[in-house]
Amino acid sequence: MNIAVLGAGRIGSTVGRLWHAAGHQVTFAARDLAEPRALAAELGERAHAATVPDSVAVADVVLVAVPGSAVSDVLKNAGSLAGRVVIDAANQMGGHRLTLRQLADAYPGAGWVRAFNTLQARVLAEENHRQPPWVVFLSGTETAKRTATKLIRDAGFEPVDLGGVEDSQLQEPGSVLWNNPLTPNDAHDLVARVRSGDAVTVDPLAEAFDKLRKHAPDDPALLFEHLSRAVFQAGMGWRVVAAKWPGIREAFHRFDPARVASMSPGEIERVEGDTRVIRNRAKIEATVENARRLRALLDEYGGIRPYFGSFPDATAASADLRRRFAFLGESGVHWLLLHAADEAAAGR
Ligand SMILES: NC(=O)c1ccc[n+]([C@@H]2O[C@H](COP(=O)([O-])OP(=O)(O)OC[C@H]3O[C@@H](n4cnc5c(N)ncnc54)[C@H](OP(=O)(O)O)[C@@H]3O)[C@@H](O)[C@H]2O)c1
């Protein structure tokens with residue numbers, strides 16, 4: 001199949017790689033073509049990079065793998081979707097997102113499927129072809145689902161069909177089926193419970209929040225590093241940030257909050273001219289400011305664990321983090337909580 005992958009970040013690059021390995025022609029697209037080109041060069045034959053409309057023009061299948069807030073923008077620029085199967089993998093945490101129904105109504109010539117939105121990119125990258133396989137849920141229009149079913153198997157996962165376009169709400173953030181790797185048997189049991197009203201919806205960040213309440217590391221540098229990574233990643237390709245991270249880490253004193261909080265204006269200016277760092281003045285200044293605010297938080301609560309312990313739930317903690325820290329949006333908080341919680345669980 002000819003597949004256009006719109007968005008070459010974590011989810012687009014991961015799923016695109018799996019389909020490429022399964023023998024498909026894959027064209028990666030984004031606003032900045034540097035990342036799609038790097039991916040195409042790395043994968044070689046059958047992998048390409050193109051603008052969004054050029055990639056869609058030659059595609060049978062389109063994967064939407066851009067931030068939830070960019071979905072309408074990317075589809076507006078995509079050219080005709082008629083006759084194509086469009087798989088929507090985008091999520092928008094907490095905010096308003098276009099539902100599959102709205103997308104299907106806005107672009108009636110295409111077949112619409114919601115899939116690949118329920119497992120983290122890391123799980124998709126590292127745990128494909130596992131036995132028994134993890135489930136990838138899908139919902140949408142009938143013919144389009146047949147194509148998506150094959151593509152889910154090609155990627156190394158087991159498709160579990162939740163139903164039509166309206167049923168896509170069962171796999172949205174907040175559902176117990178979201179961000180919950182399940183074997184086929186467990187998935188069928190849980191879907192039955194969800195349909196009978198027996199399984200409650202959960203806050204998608206509840207598990208991460210709970211880990212942080214119980215096991216947040218004592219070293220504030222660990223939290224500060226995740227916080228700063230969320231700041232630098234805002235609106236940028238994660239791979240660009242990942243490649244620069246060792247340099248950024250050095251420039252910011254391995255994220256020792258005390259050391260960063262005391263950076264002088266001259267030192268900040270030097271960092272702004274340092275080629276190892278992403279030279280975005282607002283983000284650099286936000287990082288220094290956040291070190292100061294983190295120190296104030298530590299003074300106020302006496303530690304990171306008591307800070308998280310002071311909130312009744314993840315929603316309250318997320319809202320406070322957004323209010324408290326500069327340059328931290330909804331997806332930044334999401335990144336911060338999930339990655340800090342992974343670290344907490346690993347006992348680092
Ligand atoms: N990460 C996960 O584990 C995961 C799992 C399941 C679902 N998802 C969902 O998948 C989507 C992407 O997440 P991600 O983590 O892969 O994000 P990401 O790493 O930040 O990548 C986003 C990609 O979208 C491109 N992009 C952004 N705005 C665009 C626009 N208007 N037109 C064309 N391309 C655009 C970006 O490149 P340019 O900035 O150069 O355009 C980048 O290549 C999100 O909706 C997320 O909720 C993520």
# chains A, B, ... in the order shown; residues from 1 in each chain; ligands from 1
$ residues_near_ligand --ligand "ligand 1" --cutoff "6 Å" --atoms "only C-alpha atoms and all ligand atoms" --output "number ranges by chain"
A: 6-12, 30-32, 65-68, 70, 73-74, 89-92, 116-121, 236-238
$ select_by_dssp --residues "region 76-107 of chain A" --states "strand (DSSP E)" --output "list in words"
Val85, Val86, Ile87 and Asp88 of chain A
$ closest_residue --among "A:Asn280, A:Ala296, A:Asp54, A:Gly83" --to "Gly235 (chain A)" --atoms "only C-alpha atoms"
A:Asn280
$ atom_distance --atom1 "CA of Arg195 (chain A)" --atom2 "CA of Leu138 (chain A)"
15.2 Å
$ closest_atom_pairs --of "region 180-217 of chain A" --to "region 303-319 of chain A" --cutoff "7 Å" --atoms "only C-alpha atoms" --output "tab-separated table"
residue	atom	partner	partner_atom	distance
A:Leu205	CA	A:Ala314	CA	5.9
A:Ala206	CA	A:Ala314	CA	5.4
A:Phe209	CA	A:Ala314	CA	5.5
A:Leu212	CA	A:Arg305	CA	6.5
A:Arg213	CA	A:Gly309	CA	5.0
A:Lys214	CA	A:Arg305	CA	6.8
A:Ala216	CA	A:Arg305	CA	5.3
$ closest_residue --among "A:Leu81, A:Ala34, A:Leu182, A:Ala187" --to "Ala57 (chain A)" --atoms "only C-alpha atoms"
A:Leu81
$ decode --residues "region 234-344 of chain A" --atoms "C-alpha atoms" --output "short mmCIF file (atom, residue, chain, number, x, y, z; two decimals), in the first residue's frame"
data_model
loop_
_atom_site.label_atom_id
_atom_site.label_comp_id
_atom_site.auth_asym_id
_atom_site.auth_seq_id
_atom_site.Cartn_x
_atom_site.Cartn_y
_atom_site.Cartn_z
CA ALA A 234 6.71 22.65 22.87
CA GLY A 235 5.95 23.12 19.16
CA MET A 236 9.15 21.31 18.06
CA GLY A 237 10.00 17.87 16.70
CA TRP A 238 10.99 15.66 19.64
CA ARG A 239 13.93 14.18 17.72
CA VAL A 240 15.50 17.61 17.28
CA VAL A 241 15.26 18.12 21.02
CA ALA A 242 16.50 14.58 21.76
CA ALA A 243 19.57 15.13 19.55
CA LYS A 244 20.43 18.40 21.29
CA TRP A 245 19.62 17.21 24.80
CA PRO A 246 23.16 16.30 25.97
CA GLY A 247 24.31 19.84 25.04
CA ILE A 248 21.29 21.48 26.65
CA ARG A 249 21.86 19.39 29.78
CA GLU A 250 25.44 20.58 30.05
CA ALA A 251 24.52 24.22 29.40
CA PHE A 252 21.91 24.03 32.18
CA HIS A 253 24.21 22.45 34.78
CA ARG A 254 22.60 19.00 34.57
CA PHE A 255 19.38 20.65 35.67
CA ASP A 256 20.48 21.37 39.19
CA PRO A 257 17.65 23.81 40.07
CA ALA A 258 19.80 25.80 42.53
CA ARG A 259 22.54 26.28 39.97
CA VAL A 260 20.14 27.22 37.14
CA ALA A 261 18.14 29.58 39.37
CA SER A 262 21.30 31.54 40.07
CA MET A 263 22.38 31.94 36.42
CA SER A 264 23.36 35.55 35.84
CA PRO A 265 22.08 37.62 32.90
CA GLY A 266 25.55 37.28 31.32
CA GLU A 267 25.47 33.51 31.64
CA ILE A 268 21.94 33.35 30.18
CA GLU A 269 23.15 35.41 27.25
CA ARG A 270 26.05 33.00 26.69
CA VAL A 271 23.62 30.07 26.64
CA GLU A 272 21.52 31.96 24.08
CA GLY A 273 24.59 32.01 21.83
CA ASP A 274 25.64 28.41 22.54
CA THR A 275 25.29 26.26 19.38
CA ARG A 276 24.77 23.10 21.47
CA VAL A 277 21.49 24.55 22.73
CA ILE A 278 18.20 25.21 20.91
CA ARG A 279 18.61 28.96 20.81
CA ASN A 280 15.10 29.99 21.62
CA ARG A 281 15.34 32.95 23.95
CA ALA A 282 11.85 32.55 25.43
CA LYS A 283 12.46 28.86 26.27
CA ILE A 284 15.91 29.52 27.75
CA GLU A 285 14.53 32.29 29.93
CA ALA A 286 11.54 30.15 30.89
CA THR A 287 13.94 27.39 32.03
CA VAL A 288 15.79 29.75 34.35
CA GLU A 289 12.53 31.17 35.64
CA ASN A 290 11.17 27.63 36.18
CA ALA A 291 14.24 26.73 38.27
CA ARG A 292 13.37 29.66 40.53
CA ARG A 293 9.73 28.62 40.72
CA LEU A 294 10.70 25.01 41.45
CA ARG A 295 12.86 26.24 44.32
CA ALA A 296 9.91 28.21 45.64
CA LEU A 297 7.74 25.08 45.37
CA LEU A 298 10.33 23.05 47.32
CA ASP A 299 10.43 25.73 50.03
CA GLU A 300 6.65 25.75 50.21
CA TYR A 301 6.07 21.96 50.29
CA GLY A 302 9.37 20.59 51.55
CA GLY A 303 9.74 18.16 48.63
CA ILE A 304 8.27 16.90 45.39
CA ARG A 305 6.36 13.99 46.91
CA PRO A 306 4.51 16.20 49.43
CA TYR A 307 3.76 18.60 46.59
CA PHE A 308 2.02 15.89 44.53
CA GLY A 309 0.48 14.51 47.72
CA SER A 310 -1.28 17.82 48.33
CA PHE A 311 -3.66 17.36 45.36
CA PRO A 312 -6.77 15.26 45.34
CA ASP A 313 -6.27 14.09 41.75
CA ALA A 314 -4.24 14.42 38.55
CA THR A 315 -6.49 17.15 37.15
CA ALA A 316 -5.82 19.43 40.10
CA ALA A 317 -2.08 18.73 39.99
CA SER A 318 -1.94 19.36 36.21
CA ALA A 319 -3.76 22.67 36.57
CA ASP A 320 -1.35 23.78 39.30
CA LEU A 321 1.71 22.78 37.25
CA ARG A 322 0.41 24.78 34.28
CA ARG A 323 -0.25 27.83 36.44
CA ARG A 324 3.03 27.58 38.29
CA PHE A 325 5.57 27.01 35.50
CA ALA A 326 6.36 29.10 32.46
CA PHE A 327 5.93 27.71 28.92
CA LEU A 328 4.18 24.59 30.12
CA GLY A 329 1.01 23.76 28.18
CA GLU A 330 -1.34 20.84 28.33
CA SER A 331 0.81 18.45 26.31
CA GLY A 332 3.88 19.61 28.25
CA VAL A 333 2.25 18.65 31.54
CA HIS A 334 1.26 15.35 30.04
CA TRP A 335 4.86 14.65 28.97
CA LEU A 336 6.18 15.76 32.34
CA LEU A 337 3.86 13.59 34.43
CA LEU A 338 4.23 10.44 32.31
CA HIS A 339 8.02 10.60 32.09
CA ALA A 340 8.60 11.62 35.70
CA ALA A 341 6.27 8.79 36.76
CA ASP A 342 8.20 6.25 34.67
CA GLU A 343 11.34 7.37 36.45
CA ALA A 344 9.63 7.18 39.83
#
